[in-house]
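For reference, final_3.cif (mmCIF, C-alpha atoms):
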```cif
data_run
loop_
_atom_site.label_atom_id
_atom_site.label_comp_id
_atom_site.auth_asym_id
_atom_site.auth_seq_id
_atom_site.Cartn_x
_atom_site.Cartn_y
_atom_site.Cartn_z
CA MET A 1 -16.19 3.21 -12.88
CA ILE A 2 -13.60 5.73 -13.97
CA ALA A 3 -13.22 8.17 -11.07
CA LYS A 4 -14.46 11.74 -11.60
CA THR A 5 -11.49 13.68 -10.31
CA PRO A 6 -11.07 17.48 -10.17
CA SER A 7 -8.45 19.57 -11.96
CA THR A 8 -4.84 18.67 -11.24
CA PRO A 9 -2.92 18.64 -9.01
CA TYR A 10 -4.28 15.95 -6.68
CA TYR A 11 -2.86 12.75 -5.23
CA ALA A 12 -3.16 9.07 -6.15
CA VAL A 13 -2.40 6.15 -3.85
CA ILE A 14 -1.61 3.18 -6.10
CA PHE A 15 -2.06 -0.11 -4.24
CA THR A 16 -0.94 -3.20 -6.19
CA SER A 17 -1.32 -6.61 -4.57
CA THR A 18 -1.25 -10.35 -5.01
CA LYS A 19 -3.44 -12.51 -2.79
CA GLN A 20 -2.71 -15.72 -0.92
CA SER A 21 -6.24 -16.96 -1.55
CA ASP A 22 -9.81 -15.80 -2.10
CA SER A 23 -12.14 -15.39 0.85
CA LYS A 24 -15.56 -13.96 1.51
CA GLU A 25 -14.14 -12.11 4.51
CA TYR A 26 -11.64 -10.36 2.23
CA ASP A 27 -14.35 -9.29 -0.21
CA GLN A 28 -16.46 -7.92 2.63
CA MET A 29 -13.51 -6.02 4.11
CA ALA A 30 -12.57 -4.61 0.70
CA GLN A 31 -16.13 -3.35 0.23
CA LEU A 32 -16.13 -1.87 3.74
CA MET A 33 -12.84 -0.07 3.07
CA VAL A 34 -14.32 1.51 -0.07
CA GLU A 35 -17.29 2.74 1.96
CA VAL A 36 -15.23 4.03 4.89
CA SER A 37 -12.55 5.68 2.76
CA SER A 38 -15.13 7.48 0.64
CA LYS A 39 -16.38 9.26 3.77
CA GLN A 40 -12.90 10.51 4.69
CA LYS A 41 -11.99 14.17 4.38
CA GLY A 42 -10.11 14.79 1.15
CA PHE A 43 -11.33 11.64 -0.65
CA LEU A 44 -11.86 12.22 -4.39
CA GLY A 45 -12.58 8.80 -5.86
CA ILE A 46 -11.48 5.19 -6.24
CA GLU A 47 -10.82 2.74 -9.09
CA SER A 48 -10.22 -0.97 -8.70
CA ALA A 49 -9.60 -4.00 -10.92
CA ARG A 50 -8.28 -7.47 -10.25
CA ASN A 51 -7.32 -10.54 -12.22
CA HIS A 52 -3.73 -11.87 -11.87
CA ILE A 53 -2.96 -8.91 -9.65
CA GLY A 54 -5.19 -6.40 -7.94
CA ILE A 55 -4.84 -2.67 -8.50
CA THR A 56 -6.76 -0.17 -6.41
CA ILE A 57 -6.15 3.54 -6.87
CA SER A 58 -7.65 6.01 -4.44
CA TYR A 59 -7.52 9.73 -5.19
CA TRP A 60 -7.06 12.41 -2.54
CA THR A 61 -6.81 16.18 -2.27
CA ASP A 62 -3.50 16.21 -0.38
CA LEU A 63 -0.94 14.23 1.62
CA ASP A 64 -2.57 15.02 4.97
CA ALA A 65 -5.77 13.31 3.82
CA ILE A 66 -3.75 10.24 2.79
CA LYS A 67 -1.96 10.17 6.15
CA ALA A 68 -5.28 10.41 8.01
CA TRP A 69 -6.73 7.54 5.99
CA LYS A 70 -3.63 5.41 6.61
CA SER A 71 -4.08 5.79 10.37
CA ASN A 72 -7.88 5.35 10.38
CA MET A 73 -8.71 2.58 12.90
CA ASP A 74 -10.90 0.47 10.60
CA HIS A 75 -8.23 0.73 7.95
CA ARG A 76 -5.49 -0.29 10.38
CA VAL A 77 -7.40 -3.46 11.23
CA ALA A 78 -7.70 -4.20 7.51
CA GLN A 79 -3.98 -3.53 6.94
CA GLU A 80 -3.07 -5.94 9.75
CA LYS A 81 -5.31 -8.71 8.40
CA GLY A 82 -4.03 -7.99 4.92
CA ARG A 83 -0.42 -8.65 5.91
CA LYS A 84 -1.22 -11.69 8.07
CA GLU A 85 -3.90 -13.48 6.06
CA TRP A 86 -4.83 -12.12 2.66
CA TYR A 87 -1.91 -10.75 0.67
CA SER A 88 1.15 -12.62 -0.52
CA ALA A 89 2.71 -9.26 -1.48
CA TYR A 90 1.76 -5.66 -2.02
CA LYS A 91 3.20 -2.30 -2.94
CA VAL A 92 1.88 1.16 -2.07
CA ARG A 93 2.91 4.13 -4.19
CA ILE A 94 1.97 7.67 -3.21
CA SER A 95 2.00 9.93 -6.21
CA LYS A 96 1.07 13.46 -7.21
CA VAL A 97 -1.07 13.65 -10.36
CA GLU A 98 0.39 16.53 -12.34
CA ARG A 99 -1.61 16.25 -15.56
CA ASP A 100 -4.61 14.32 -16.82
CA TYR A 101 -6.77 14.03 -19.91
CA GLY A 102 -9.43 11.69 -21.16
CA PHE A 103 -11.88 10.49 -23.77
CA ASN A 104 -15.64 10.43 -23.02
CA VAL A 105 -15.02 11.26 -19.35
CA MET B 1 3.26 -9.12 -11.45
CA ILE B 2 3.99 -6.25 -9.10
CA ALA B 3 6.50 -4.00 -10.91
CA LYS B 4 10.03 -3.84 -9.51
CA THR B 5 10.56 -0.09 -9.46
CA PRO B 6 13.65 1.81 -8.26
CA SER B 7 13.84 4.30 -5.39
CA THR B 8 11.52 7.28 -5.63
CA PRO B 9 11.05 9.66 -7.32
CA TYR B 10 9.86 8.19 -10.61
CA TYR B 11 6.72 8.62 -12.71
CA ALA B 12 3.51 6.60 -13.14
CA VAL B 13 1.11 6.84 -16.07
CA ILE B 14 -2.26 5.62 -14.80
CA PHE B 15 -4.51 4.54 -17.68
CA THR B 16 -8.08 3.65 -16.66
CA SER B 17 -10.49 2.50 -19.35
CA THR B 18 -13.83 0.95 -20.13
CA LYS B 19 -14.23 -1.08 -23.34
CA GLN B 20 -16.94 -1.10 -25.96
CA SER B 21 -16.49 -4.83 -26.52
CA ASP B 22 -13.92 -7.60 -26.34
CA SER B 23 -11.87 -8.48 -29.39
CA LYS B 24 -8.89 -10.63 -30.23
CA GLU B 25 -7.36 -7.69 -32.10
CA TYR B 26 -7.51 -5.61 -28.93
CA ASP B 27 -5.81 -8.32 -26.88
CA GLN B 28 -3.05 -8.64 -29.48
CA MET B 29 -2.51 -4.89 -29.62
CA ALA B 30 -2.45 -4.64 -25.82
CA GLN B 31 0.22 -7.35 -25.69
CA LEU B 32 2.22 -5.63 -28.45
CA MET B 33 2.07 -2.30 -26.58
CA VAL B 34 3.49 -3.99 -23.46
CA GLU B 35 6.35 -5.39 -25.54
CA VAL B 36 7.08 -2.15 -27.40
CA SER B 37 6.81 0.11 -24.35
CA SER B 38 9.13 -2.09 -22.32
CA LYS B 39 11.88 -1.44 -24.90
CA GLN B 40 11.52 2.33 -24.63
CA LYS B 41 14.18 4.46 -22.96
CA GLY B 42 13.18 5.25 -19.40
CA PHE B 43 10.67 2.39 -19.02
CA LEU B 44 10.67 0.95 -15.50
CA GLY B 45 7.78 -1.50 -15.39
CA ILE B 46 4.08 -2.10 -15.99
CA GLU B 47 1.11 -3.44 -14.04
CA SER B 48 -2.29 -4.27 -15.49
CA ALA B 49 -5.63 -5.64 -14.30
CA ARG B 50 -9.11 -5.67 -15.78
CA ASN B 51 -12.60 -6.69 -14.79
CA HIS B 52 -15.36 -4.03 -14.81
CA ILE B 53 -12.73 -1.46 -15.73
CA GLY B 54 -9.19 -1.83 -16.94
CA ILE B 55 -6.26 -0.24 -15.14
CA THR B 56 -2.78 -0.21 -16.66
CA ILE B 57 0.02 1.61 -14.89
CA SER B 58 3.34 2.09 -16.62
CA TYR B 59 6.32 3.42 -14.68
CA TRP B 60 8.95 5.74 -16.16
CA THR B 61 12.12 7.53 -15.12
CA ASP B 62 10.96 11.00 -16.19
CA LEU B 63 8.46 13.08 -18.17
CA ASP B 64 10.57 13.08 -21.35
CA ALA B 65 10.38 9.28 -21.49
CA ILE B 66 6.58 9.47 -21.13
CA LYS B 67 6.38 12.07 -23.89
CA ALA B 68 8.50 9.93 -26.21
CA TRP B 69 6.30 6.89 -25.56
CA LYS B 70 3.14 8.92 -26.20
CA SER B 71 4.44 9.91 -29.64
CA ASN B 72 5.84 6.47 -30.56
CA MET B 73 4.39 5.49 -33.96
CA ASP B 74 3.15 2.02 -32.97
CA HIS B 75 1.57 3.55 -29.90
CA ARG B 76 -0.11 6.30 -31.93
CA VAL B 77 -1.77 3.68 -34.14
CA ALA B 78 -3.00 1.91 -30.99
CA GLN B 79 -4.29 5.19 -29.51
CA GLU B 80 -6.23 5.95 -32.70
CA LYS B 81 -7.82 2.49 -32.82
CA GLY B 82 -8.51 2.75 -29.11
CA ARG B 83 -10.57 5.89 -29.52
CA LYS B 84 -12.36 4.71 -32.66
CA GLU B 85 -13.02 1.06 -31.93
CA TRP B 86 -12.14 -0.31 -28.52
CA TYR B 87 -12.73 2.08 -25.65
CA SER B 88 -16.02 3.57 -24.55
CA ALA B 89 -14.07 5.92 -22.25
CA TYR B 90 -10.62 6.36 -20.76
CA LYS B 91 -8.59 8.63 -18.52
CA VAL B 92 -4.83 9.13 -18.48
CA ARG B 93 -3.19 10.49 -15.33
CA ILE B 94 0.48 11.41 -15.29
CA SER B 95 1.81 11.34 -11.75
CA LYS B 96 5.07 11.60 -9.87
CA VAL B 97 5.62 8.82 -7.33
CA GLU B 98 6.99 10.57 -4.27
CA ARG B 99 7.06 7.69 -1.79
CA ASP B 100 6.56 3.95 -1.86
CA TYR B 101 6.70 0.96 0.47
CA GLY B 102 5.71 -2.66 0.31
CA PHE B 103 5.30 -6.08 1.85
CA ASN B 104 7.16 -9.08 0.38
CA VAL B 105 8.32 -7.03 -2.61
#
```

Would you mind writing the file out in structure tokens?
Amino acid sequence: MIAKTPSTPYYAVIFTSTKQSDSKEYDQMAQLMVEVSSKQKGFLGIESARNHIGITISYWTDLDAIKAWKSNMDHRVAQEKGRKEWYSAYKVRISKVERDYGFNV
Amino acid sequence: MIAKTPSTPYYAVIFTSTKQSDSKEYDQMAQLMVEVSSKQKGFLGIESARNHIGITISYWTDLDAIKAWKSNMDHRVAQEKGRKEWYSAYKVRISKVERDYGFNV
């Protein structure tokens, strides 16, 4: 679903990744991270798609909320497994959304 | 592929969409837009993935480059067809990438 975000400005964490392989454990962890992150203070929404690469964008009110989510214990376990087992490469980009517009949203 | 972007800051245009239906014409236009945008001044890279939703992120040096791409004639034709024929909804978010880091990139 296209995330329902508030008026700008807000923040987007763009996470782009390639995987080593598919696994049920990965899918379960990814689902868990969506659930846990969405309960974090400052969380605004999430969008995700994957085919050749995976792109997950989470939206946040401010940088402090992003920092808190990065250091969340469940998330740290996922990050560690991600580097060791699941991802062949990834990039994280922390960006400030300055303007947005849409069609039928 | 994960885009090879320079040191921050730079800009990201996050385009999230849902489609009305699949079509060969759409796929051809999407491919053409990748080719045309990548020749624009200020273009830095592009990442794209689609399953339930589509996410395309193009990276740019600055806001003027984004503005020029938005008003590019080929792109305007694609935008018009997008609204009339291809997309059921979309959102465009223009954001400034303030910090990035990665693993194996």

Please provide chain B as a PDB file with C-alpha atoms, in the coordinates of the input, once it has been superposed on chain A by least squares across all sequentially paired Cα atoms.
```
ATOM      1  CA  MET B   1     -16.202   3.205 -12.890  1.00  0.00           C
ATOM      2  CA  ILE B   2     -13.608   5.732 -13.976  1.00  0.00           C
ATOM      3  CA  ALA B   3     -13.222   8.184 -11.065  1.00  0.00           C
ATOM      4  CA  LYS B   4     -14.465  11.736 -11.595  1.00  0.00           C
ATOM      5  CA  THR B   5     -11.484  13.687 -10.310  1.00  0.00           C
ATOM      6  CA  PRO B   6     -11.066  17.483 -10.176  1.00  0.00           C
ATOM      7  CA  SER B   7      -8.440  19.566 -11.975  1.00  0.00           C
ATOM      8  CA  THR B   8      -4.836  18.670 -11.247  1.00  0.00           C
ATOM      9  CA  PRO B   9      -2.910  18.654  -9.004  1.00  0.00           C
ATOM     10  CA  TYR B  10      -4.274  15.977  -6.685  1.00  0.00           C
ATOM     11  CA  TYR B  11      -2.849  12.764  -5.236  1.00  0.00           C
ATOM     12  CA  ALA B  12      -3.158   9.070  -6.145  1.00  0.00           C
ATOM     13  CA  VAL B  13      -2.411   6.146  -3.843  1.00  0.00           C
ATOM     14  CA  ILE B  14      -1.616   3.185  -6.092  1.00  0.00           C
ATOM     15  CA  PHE B  15      -2.063  -0.114  -4.238  1.00  0.00           C
ATOM     16  CA  THR B  16      -0.941  -3.198  -6.188  1.00  0.00           C
ATOM     17  CA  SER B  17      -1.335  -6.601  -4.564  1.00  0.00           C
ATOM     18  CA  THR B  18      -1.250 -10.335  -5.022  1.00  0.00           C
ATOM     19  CA  LYS B  19      -3.451 -12.528  -2.801  1.00  0.00           C
ATOM     20  CA  GLN B  20      -2.719 -15.719  -0.933  1.00  0.00           C
ATOM     21  CA  SER B  21      -6.247 -16.987  -1.543  1.00  0.00           C
ATOM     22  CA  ASP B  22      -9.801 -15.814  -2.097  1.00  0.00           C
ATOM     23  CA  SER B  23     -12.136 -15.396   0.844  1.00  0.00           C
ATOM     24  CA  LYS B  24     -15.555 -13.959   1.517  1.00  0.00           C
ATOM     25  CA  GLU B  25     -14.126 -12.096   4.512  1.00  0.00           C
ATOM     26  CA  TYR B  26     -11.632 -10.369   2.234  1.00  0.00           C
ATOM     27  CA  ASP B  27     -14.347  -9.309  -0.203  1.00  0.00           C
ATOM     28  CA  GLN B  28     -16.445  -7.913   2.649  1.00  0.00           C
ATOM     29  CA  MET B  29     -13.507  -6.016   4.111  1.00  0.00           C
ATOM     30  CA  ALA B  30     -12.556  -4.625   0.696  1.00  0.00           C
ATOM     31  CA  GLN B  31     -16.115  -3.358   0.228  1.00  0.00           C
ATOM     32  CA  LEU B  32     -16.135  -1.863   3.741  1.00  0.00           C
ATOM     33  CA  MET B  33     -12.828  -0.067   3.071  1.00  0.00           C
ATOM     34  CA  VAL B  34     -14.321   1.504  -0.077  1.00  0.00           C
ATOM     35  CA  GLU B  35     -17.289   2.729   1.962  1.00  0.00           C
ATOM     36  CA  VAL B  36     -15.224   4.027   4.885  1.00  0.00           C
ATOM     37  CA  SER B  37     -12.542   5.683   2.752  1.00  0.00           C
ATOM     38  CA  SER B  38     -15.116   7.470   0.625  1.00  0.00           C
ATOM     39  CA  LYS B  39     -16.372   9.246   3.773  1.00  0.00           C
ATOM     40  CA  GLN B  40     -12.910  10.513   4.683  1.00  0.00           C
ATOM     41  CA  LYS B  41     -11.997  14.183   4.371  1.00  0.00           C
ATOM     42  CA  GLY B  42     -10.132  14.798   1.140  1.00  0.00           C
ATOM     43  CA  PHE B  43     -11.329  11.638  -0.649  1.00  0.00           C
ATOM     44  CA  LEU B  44     -11.858  12.220  -4.370  1.00  0.00           C
ATOM     45  CA  GLY B  45     -12.579   8.807  -5.853  1.00  0.00           C
ATOM     46  CA  ILE B  46     -11.472   5.196  -6.239  1.00  0.00           C
ATOM     47  CA  GLU B  47     -10.832   2.753  -9.075  1.00  0.00           C
ATOM     48  CA  SER B  48     -10.235  -0.968  -8.691  1.00  0.00           C
ATOM     49  CA  ALA B  49      -9.599  -3.988 -10.909  1.00  0.00           C
ATOM     50  CA  ARG B  50      -8.284  -7.473 -10.252  1.00  0.00           C
ATOM     51  CA  ASN B  51      -7.317 -10.549 -12.201  1.00  0.00           C
ATOM     52  CA  HIS B  52      -3.736 -11.877 -11.869  1.00  0.00           C
ATOM     53  CA  ILE B  53      -2.953  -8.905  -9.651  1.00  0.00           C
ATOM     54  CA  GLY B  54      -5.181  -6.405  -7.943  1.00  0.00           C
ATOM     55  CA  ILE B  55      -4.834  -2.673  -8.496  1.00  0.00           C
ATOM     56  CA  THR B  56      -6.753  -0.169  -6.383  1.00  0.00           C
ATOM     57  CA  ILE B  57      -6.152   3.532  -6.860  1.00  0.00           C
ATOM     58  CA  SER B  58      -7.652   6.008  -4.438  1.00  0.00           C
ATOM     59  CA  TYR B  59      -7.523   9.726  -5.196  1.00  0.00           C
ATOM     60  CA  TRP B  60      -7.067  12.417  -2.542  1.00  0.00           C
ATOM     61  CA  THR B  61      -6.813  16.185  -2.281  1.00  0.00           C
ATOM     62  CA  ASP B  62      -3.502  16.208  -0.392  1.00  0.00           C
ATOM     63  CA  LEU B  63      -0.936  14.235   1.613  1.00  0.00           C
ATOM     64  CA  ASP B  64      -2.570  15.009   4.974  1.00  0.00           C
ATOM     65  CA  ALA B  65      -5.772  13.301   3.824  1.00  0.00           C
ATOM     66  CA  ILE B  66      -3.747  10.229   2.789  1.00  0.00           C
ATOM     67  CA  LYS B  67      -1.975  10.182   6.147  1.00  0.00           C
ATOM     68  CA  ALA B  68      -5.278  10.401   8.017  1.00  0.00           C
ATOM     69  CA  TRP B  69      -6.722   7.524   5.981  1.00  0.00           C
ATOM     70  CA  LYS B  70      -3.619   5.402   6.600  1.00  0.00           C
ATOM     71  CA  SER B  71      -4.073   5.786  10.362  1.00  0.00           C
ATOM     72  CA  ASN B  72      -7.872   5.331  10.369  1.00  0.00           C
ATOM     73  CA  MET B  73      -8.715   2.588  12.897  1.00  0.00           C
ATOM     74  CA  ASP B  74     -10.912   0.478  10.600  1.00  0.00           C
ATOM     75  CA  HIS B  75      -8.236   0.727   7.947  1.00  0.00           C
ATOM     76  CA  ARG B  76      -5.491  -0.294  10.382  1.00  0.00           C
ATOM     77  CA  VAL B  77      -7.404  -3.475  11.234  1.00  0.00           C
ATOM     78  CA  ALA B  78      -7.711  -4.201   7.499  1.00  0.00           C
ATOM     79  CA  GLN B  79      -3.989  -3.532   6.944  1.00  0.00           C
ATOM     80  CA  GLU B  80      -3.064  -5.940   9.748  1.00  0.00           C
ATOM     81  CA  LYS B  81      -5.311  -8.710   8.409  1.00  0.00           C
ATOM     82  CA  GLY B  82      -4.016  -7.989   4.929  1.00  0.00           C
ATOM     83  CA  ARG B  83      -0.432  -8.653   5.919  1.00  0.00           C
ATOM     84  CA  LYS B  84      -1.234 -11.681   8.074  1.00  0.00           C
ATOM     85  CA  GLU B  85      -3.911 -13.450   6.074  1.00  0.00           C
ATOM     86  CA  TRP B  86      -4.816 -12.121   2.655  1.00  0.00           C
ATOM     87  CA  TYR B  87      -1.908 -10.748   0.666  1.00  0.00           C
ATOM     88  CA  SER B  88       1.142 -12.626  -0.525  1.00  0.00           C
ATOM     89  CA  ALA B  89       2.705  -9.273  -1.489  1.00  0.00           C
ATOM     90  CA  TYR B  90       1.758  -5.650  -2.027  1.00  0.00           C
ATOM     91  CA  LYS B  91       3.202  -2.279  -2.946  1.00  0.00           C
ATOM     92  CA  VAL B  92       1.869   1.161  -2.064  1.00  0.00           C
ATOM     93  CA  ARG B  93       2.898   4.134  -4.199  1.00  0.00           C
ATOM     94  CA  ILE B  94       1.968   7.663  -3.197  1.00  0.00           C
ATOM     95  CA  SER B  95       1.993   9.933  -6.222  1.00  0.00           C
ATOM     96  CA  LYS B  96       1.059  13.450  -7.218  1.00  0.00           C
ATOM     97  CA  VAL B  97      -1.076  13.655 -10.361  1.00  0.00           C
ATOM     98  CA  GLU B  98       0.397  16.521 -12.340  1.00  0.00           C
ATOM     99  CA  ARG B  99      -1.610  16.255 -15.556  1.00  0.00           C
ATOM    100  CA  ASP B 100      -4.601  14.327 -16.814  1.00  0.00           C
ATOM    101  CA  TYR B 101      -6.766  14.029 -19.914  1.00  0.00           C
ATOM    102  CA  GLY B 102      -9.442  11.698 -21.148  1.00  0.00           C
ATOM    103  CA  PHE B 103     -11.876  10.500 -23.769  1.00  0.00           C
ATOM    104  CA  ASN B 104     -15.624  10.434 -23.018  1.00  0.00           C
ATOM    105  CA  VAL B 105     -15.012  11.263 -19.354  1.00  0.00           C
TER     106      VAL B 105
END
```

Specify as a ChimeraX atom specification each residue included when the PyMOL selection byres ((chain A) within 6 of (chain B)) is applied to this file. /A:49-51,89-104

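As for atom CA of B:Ser71 and atom CA of B:Gly42, they are spaced 14.2 Å apart.
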
Run the PyMOL selection byres ((chain B and resi 34) around 12) against the file shown and list the residues it catches, as a PyMOL selection string. chain B and resi 27-33+35-40+43-48+56-59+69+74-75+78

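In this model, the gap between atom CA of A:Tyr26 and atom CA of A:Ile66 comes to 22.1 Å.
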
Give me, please, the distance in Å between atom CA of A:Arg76 and atom CA of A:Thr5, quoted to one decimal. 25.7 Å

Return the padded bounding box of stretch 28-32 of chain B as lines of an AutoDock Vina configuration file: axis-aligned, built from all atoms listed in the file, 6 Å added on each side, with centre and edge lengths in Å to one decimal.
```
center_x = -0.4
center_y = -6.6
center_z = -27.7
size_x = 17.3
size_y = 16.0
size_z = 15.9
```
